[in-house]
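Student: The file below is target.pdb, PDB, C-alpha atoms:
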MODEL        1
ATOM      1  CA  MET J   1       0.000   0.000   0.000
ATOM      2  CA  PRO J   2       1.498   3.375  -0.967
ATOM      3  CA  VAL J   3       2.311   5.828   1.780
ATOM      4  CA  GLY J   4      -0.549   8.341   2.025
ATOM      5  CA  SER J   5      -0.406  12.067   1.398
ATOM      6  CA  ALA J   6      -0.948  12.858   5.100
ATOM      7  CA  VAL J   7       2.225  10.936   5.997
ATOM      8  CA  ARG J   8       4.114  12.677   3.181
ATOM      9  CA  ASP J   9       2.948  16.044   4.527
ATOM     10  CA  ARG J  10       4.125  15.153   8.045
ATOM     11  CA  CYS J  11       7.527  14.107   6.706
ATOM     12  CA  ARG J  12       7.801  17.263   4.601
ATOM     13  CA  THR J  13       6.967  19.399   7.643
ATOM     14  CA  LEU J  14       9.564  17.622   9.799
ATOM     15  CA  LEU J  15      12.198  18.080   7.087
ATOM     16  CA  GLY J  16      11.355  21.775   6.872
ATOM     17  CA  ASP J  17       9.595  21.787   3.499
ATOM     18  CA  GLN J  18      13.071  22.078   1.962
ATOM     19  CA  GLU J  19      12.691  19.625  -0.860
ATOM     20  CA  GLU J  20      10.268  17.519  -2.798
ATOM     21  CA  ILE J  21       9.989  13.928  -1.606
ATOM     22  CA  HIS J  22      10.965  11.533  -4.387
ATOM     23  CA  TYR J  23      10.540   8.243  -2.498
ATOM     24  CA  LEU J  24       9.156   7.314   0.900
ATOM     25  CA  PHE J  25       8.674   3.956   2.587
ATOM     26  CA  PRO J  26       8.204   2.574   6.111
ATOM     27  CA  ALA J  27      10.853   0.343   7.641
ATOM     28  CA  LEU J  28      11.528  -1.572  10.847
ATOM     29  CA  SER J  29      14.920  -1.834  12.484
ATOM     30  CA  SER J  30      15.756  -4.555  14.960
ATOM     31  CA  GLY J  31      19.208  -5.207  16.262
ATOM     32  CA  PRO J  32      21.662  -4.505  19.056
ATOM     33  CA  ALA J  33      20.607  -0.851  19.204
ATOM     34  CA  GLY J  34      16.984  -1.861  19.755
ATOM     35  CA  THR J  35      13.814  -2.069  17.719
ATOM     36  CA  GLY J  36      12.049   0.851  16.131
ATOM     37  CA  HIS J  37       9.787   1.975  13.330
ATOM     38  CA  PHE J  38      11.087   4.468  10.810
ATOM     39  CA  LEU J  39      10.145   6.250   7.616
ATOM     40  CA  ILE J  40      12.898   6.433   5.016
ATOM     41  CA  VAL J  41      12.586   9.569   2.891
ATOM     42  CA  VAL J  42      14.549  10.126  -0.315
ATOM     43  CA  THR J  43      14.820  13.662  -1.706
ATOM     44  CA  ARG J  44      17.022  15.194  -4.396
ATOM     45  CA  THR J  45      19.930  15.775  -1.989
ATOM     46  CA  ALA J  46      19.519  13.389   0.953
ATOM     47  CA  ILE J  47      18.221  10.149   2.369
ATOM     48  CA  SER J  48      16.643  10.827   5.757
ATOM     49  CA  VAL J  49      15.683   8.222   8.327
ATOM     50  CA  LEU J  50      12.806   9.556  10.413
ATOM     51  CA  ALA J  51      11.944   8.011  13.766
ATOM     52  CA  THR J  52       8.220   7.531  14.386
ATOM     53  CA  ARG J  53       5.995   7.263  17.425
ATOM     54  CA  THR J  54       5.925   3.819  19.015
ATOM     55  CA  LEU J  55       2.254   3.080  18.420
ATOM     56  CA  ARG J  56       1.679   5.519  15.523
ATOM     57  CA  THR J  57       4.193   4.493  12.880
ATOM     58  CA  ASP J  58       2.726   7.012  10.435
ATOM     59  CA  ARG J  59       3.778   9.953  12.652
ATOM     60  CA  PRO J  60       7.433  10.968  12.302
ATOM     61  CA  VAL J  61       8.858  12.712  15.367
ATOM     62  CA  SER J  62      12.549  13.301  14.614
ATOM     63  CA  VAL J  63      15.328  12.918  12.081
ATOM     64  CA  PHE J  64      17.200   9.851  13.288
ATOM     65  CA  ALA J  65      19.916   9.860  10.602
ATOM     66  CA  GLU J  66      20.706  11.533   7.306
ATOM     67  CA  PHE J  67      22.859  10.352   4.417
ATOM     68  CA  PRO J  68      23.992  11.998   1.184
ATOM     69  CA  ARG J  69      21.745  11.211  -1.793
ATOM     70  CA  ARG J  70      24.563   9.292  -3.487
ATOM     71  CA  THR J  71      24.248   6.645  -0.757
ATOM     72  CA  ARG J  72      23.083   3.360  -2.259
ATOM     73  CA  LEU J  73      20.068   1.772  -0.552
ATOM     74  CA  GLY J  74      20.540  -1.630  -2.184
ATOM     75  CA  PRO J  75      21.257  -4.342  -2.691
ATOM     76  CA  ILE J  76      18.100  -5.660  -1.120
ATOM     77  CA  LEU J  77      19.089  -8.348   1.351
ATOM     78  CA  PRO J  78      17.133 -11.581   1.903
ATOM     79  CA  GLY J  79      13.965 -10.947   3.871
ATOM     80  CA  ASN J  80      13.470  -7.551   2.195
ATOM     81  CA  ALA J  81      16.085  -5.716   4.184
ATOM     82  CA  LEU J  82      18.665  -3.062   3.447
ATOM     83  CA  GLU J  83      21.717  -1.826   5.265
ATOM     84  CA  LEU J  84      21.981   1.911   5.752
ATOM     85  CA  GLY J  85      24.865   3.141   7.822
ATOM     86  CA  SER J  86      25.338   0.691  10.662
ATOM     87  CA  MET J  87      21.668  -0.320  10.802
ATOM     88  CA  VAL J  88      19.623  -2.921   8.979
ATOM     89  CA  PHE J  89      16.070  -1.975   8.036
ATOM     90  CA  GLU J  90      13.367  -4.444   7.055
ATOM     91  CA  PHE J  91      10.467  -3.388   4.838
ATOM     92  CA  ASP J  92       7.424  -4.956   3.235
ATOM     93  CA  GLU J  93       7.945  -6.664  -0.107
ATOM     94  CA  GLU J  94       5.711  -4.127  -1.845
ATOM     95  CA  TYR J  95       8.343  -1.428  -1.234
ATOM     96  CA  ALA J  96      11.169  -3.360  -2.956
ATOM     97  CA  ALA J  97      10.334  -1.542  -6.197
ATOM     98  CA  VAL J  98      10.600   1.810  -4.378
ATOM     99  CA  VAL J  99      14.071   0.930  -3.064
ATOM    100  CA  SER J 100      15.184  -0.217  -6.520
ATOM    101  CA  ALA J 101      13.763   2.892  -8.205
ATOM    102  CA  ALA J 102      15.481   5.200  -5.703
ATOM    103  CA  ASP J 103      18.840   3.588  -6.500
ATOM    104  CA  ALA J 104      18.174   3.547 -10.245
ATOM    105  CA  GLU J 105      17.367   7.264 -10.228
ATOM    106  CA  ILE J 106      20.952   8.041  -9.183
ATOM    107  CA  PHE J 107      23.028   5.069 -10.305
ATOM    108  CA  ALA J 108      21.249   3.895 -13.490
ATOM    109  CA  PRO J 109      18.779   6.534 -14.713
ATOM    110  CA  GLU J 110      18.630   4.873 -18.133
ATOM    111  CA  LEU J 111      16.724   1.984 -16.515
ATOM    112  CA  LEU J 112      13.832   4.180 -15.390
ATOM    113  CA  PRO J 113      10.808   4.324 -17.675
ATOM    114  CA  PRO J 114       9.993   7.720 -19.189
ATOM    115  CA  ASP J 115       7.525   9.912 -17.339
ATOM    116  CA  PRO J 116       4.119   9.139 -18.906
ATOM    117  CA  LEU J 117       2.743  12.575 -17.931
ATOM    118  CA  PRO J 118       5.659  15.033 -18.098
ATOM    119  CA  GLU J 119       3.349  18.061 -18.323
ATOM    120  CA  LEU J 120       1.994  17.476 -14.796
TER
ENDMDL
END
Rewrite the coordinates I just gave you, this time as structure tokens.
Tutor:
Amino acid sequence: MPVGSAVRDRCRTLLGDQEEIHYLFPALSSGPAGTGHFLIVVTRTAISVLATRTLRTDRPVSVFAEFPRRTRLGPILPGNALELGSMVFEFDEEYAAVVSAADAEIFAPELLPPDPLPEL
């Protein structure tokens, strides 16, 4: 299920309305540092990991980490996981295409399909 516009608006507000969100997907981290729900937001210049409320995973509360946009999200590890910094994030299978598209936008733009509605 795509992330709704209300969640996108909350993320945009937390990031300071600086940039347009290109990709956004929810993720779960579990490891030595603990377990938590996050929203991973990809913009033109950065990849931001936003921490969310414990019981309201659609409500970002802080910027947990930020990486330069040239950071590769993939490869997707078994179990639909990715390693970002020193953390491993798991995500639903439906967001695998989002992760792949975010990497392709920077590292292989020729693989992306053309925009079907460029005038919008």
Student: Looking at J:Gly79, J:Pro68, J:Gly74, J:Pro2, which one is nearest to Leu24 in chain J, with distances taken over all atoms listed in the file?
Tutor: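 For Leu24 in chain J, the nearest of the given residues is J:Pro2.
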Student: Of the residues J:Thr35, J:Arg44, J:Phe67, J:Tyr23, which is the one nearest to Ala97 in chain J, using all atoms listed in the file?
Tutor: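 Under the stated criterion, the closest residue is J:Tyr23.
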Student: Rounded to one decimal place, report the CA of Thr52 in chain J-CA of Asp17 in chain J distance in Å.
Tutor: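 It comes out at 18.0 Å.
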Student: Compare J:Phe107, J:Tyr95, J:Phe64, J:Phe89 by their minimum atom-to-atom distance to Ala27 in chain J, counting only C-alpha atoms, and give me the closest one.
Tutor: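 Once distances to Ala27 in chain J are computed over only C-alpha atoms, the minimum belongs to J:Phe89.
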Student: Quick one: residues within 9 Å of range 83-85 of chain J, all atoms listed in the file counted, chain neighbours fewer than 4 positions away excluded, as a ChimeraX atom specification?
Tutor: /J:65,67,71-77,89-90
Student: Store the residues picked out above in a file with C-alpha atoms, as a PDB file, in the frame of the given file.
Tutor:
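Writing done, so here's selection31.pdb:
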ATOM      1  CA  ALA J  65      19.916   9.860  10.602  1.00  0.00           C
ATOM      2  CA  PHE J  67      22.859  10.352   4.417  1.00  0.00           C
ATOM      3  CA  THR J  71      24.248   6.645  -0.757  1.00  0.00           C
ATOM      4  CA  ARG J  72      23.083   3.360  -2.259  1.00  0.00           C
ATOM      5  CA  LEU J  73      20.068   1.772  -0.552  1.00  0.00           C
ATOM      6  CA  GLY J  74      20.540  -1.630  -2.184  1.00  0.00           C
ATOM      7  CA  PRO J  75      21.257  -4.342  -2.691  1.00  0.00           C
ATOM      8  CA  ILE J  76      18.100  -5.660  -1.120  1.00  0.00           C
ATOM      9  CA  LEU J  77      19.089  -8.348   1.351  1.00  0.00           C
ATOM     10  CA  PHE J  89      16.070  -1.975   8.036  1.00  0.00           C
ATOM     11  CA  GLU J  90      13.367  -4.444   7.055  1.00  0.00           C
TER      12      GLU J  90
END
Student: Please indicate the distance in Å from CA of Val63 in chain J to CA of Glu105 in chain J, rounded to one decimal place.
Tutor: 23.1 Å
Student: Using all atoms listed in the file, pick whichever of J:Thr54, J:Ala96, J:Ser62, J:Ser30 has the shortest atom-to-atom distance to Cys11 in chain J.
Tutor: J:Ser62
Student: Got a sec to check which residues sit within 7 Å of (10.2, 3.9, 9.6), counting all atoms listed in the file, and write them as a PyMOL selection string?
Tutor: chain J and resi 26-28+37-40+50-52+57
Student: Filtering to C-alpha atoms, could you give me those residues as a PDB file, in the coordinates of the input?
Tutor:
ATOM      1  CA  PRO J  26       8.204   2.574   6.111  1.00  0.00           C
ATOM      2  CA  ALA J  27      10.853   0.343   7.641  1.00  0.00           C
ATOM      3  CA  LEU J  28      11.528  -1.572  10.847  1.00  0.00           C
ATOM      4  CA  HIS J  37       9.787   1.975  13.330  1.00  0.00           C
ATOM      5  CA  PHE J  38      11.087   4.468  10.810  1.00  0.00           C
ATOM      6  CA  LEU J  39      10.145   6.250   7.616  1.00  0.00           C
ATOM      7  CA  ILE J  40      12.898   6.433   5.016  1.00  0.00           C
ATOM      8  CA  LEU J  50      12.806   9.556  10.413  1.00  0.00           C
ATOM      9  CA  ALA J  51      11.944   8.011  13.766  1.00  0.00           C
ATOM     10  CA  THR J  52       8.220   7.531  14.386  1.00  0.00           C
ATOM     11  CA  THR J  57       4.193   4.493  12.880  1.00  0.00           C
TER      12      THR J  57
END
Student: Expressed in Å to a single decimal, how great is the separation between CA of Asp9 in chain J and CA of Glu66 in chain J?
Tutor: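 Distance reported for this atom pair: 18.5 Å.
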Student: Adding 6 Å on each side of the box along x, y and z that holds all listed atoms of range 88-104 of chain J, could you give its centre and edge lengths in Å to one decimal, as lines of an AutoDock Vina configuration file?
Tutor:
center_x = 12.7
center_y = -0.7
center_z = -0.6
size_x = 25.9
size_y = 23.9
size_z = 31.2
Student: Counting only C-alpha atoms, figure out which residue out of J:Val7, J:Ala102, J:Ala108, J:Ala81 gets nearest to Val42 in chain J.
Tutor: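 Nearest candidate to Val42 in chain J out of J:Val7, J:Ala102, J:Ala108, J:Ala81: J:Ala102.
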Student: Can you spit out range 70-81 of chain J with C-alpha atoms, as a PDB file, in the first residue's frame, from the structure just given?
Tutor:
ATOM      1  CA  ARG J  70      24.563   9.292  -3.487  1.00  0.00           C
ATOM      2  CA  THR J  71      24.248   6.645  -0.757  1.00  0.00           C
ATOM      3  CA  ARG J  72      23.083   3.360  -2.259  1.00  0.00           C
ATOM      4  CA  LEU J  73      20.068   1.772  -0.552  1.00  0.00           C
ATOM      5  CA  GLY J  74      20.540  -1.630  -2.184  1.00  0.00           C
ATOM      6  CA  PRO J  75      21.257  -4.342  -2.691  1.00  0.00           C
ATOM      7  CA  ILE J  76      18.100  -5.660  -1.120  1.00  0.00           C
ATOM      8  CA  LEU J  77      19.089  -8.348   1.351  1.00  0.00           C
ATOM      9  CA  PRO J  78      17.133 -11.581   1.903  1.00  0.00           C
ATOM     10  CA  GLY J  79      13.965 -10.947   3.871  1.00  0.00           C
ATOM     11  CA  ASN J  80      13.470  -7.551   2.195  1.00  0.00           C
ATOM     12  CA  ALA J  81      16.085  -5.716   4.184  1.00  0.00           C
TER      13      ALA J  81
END
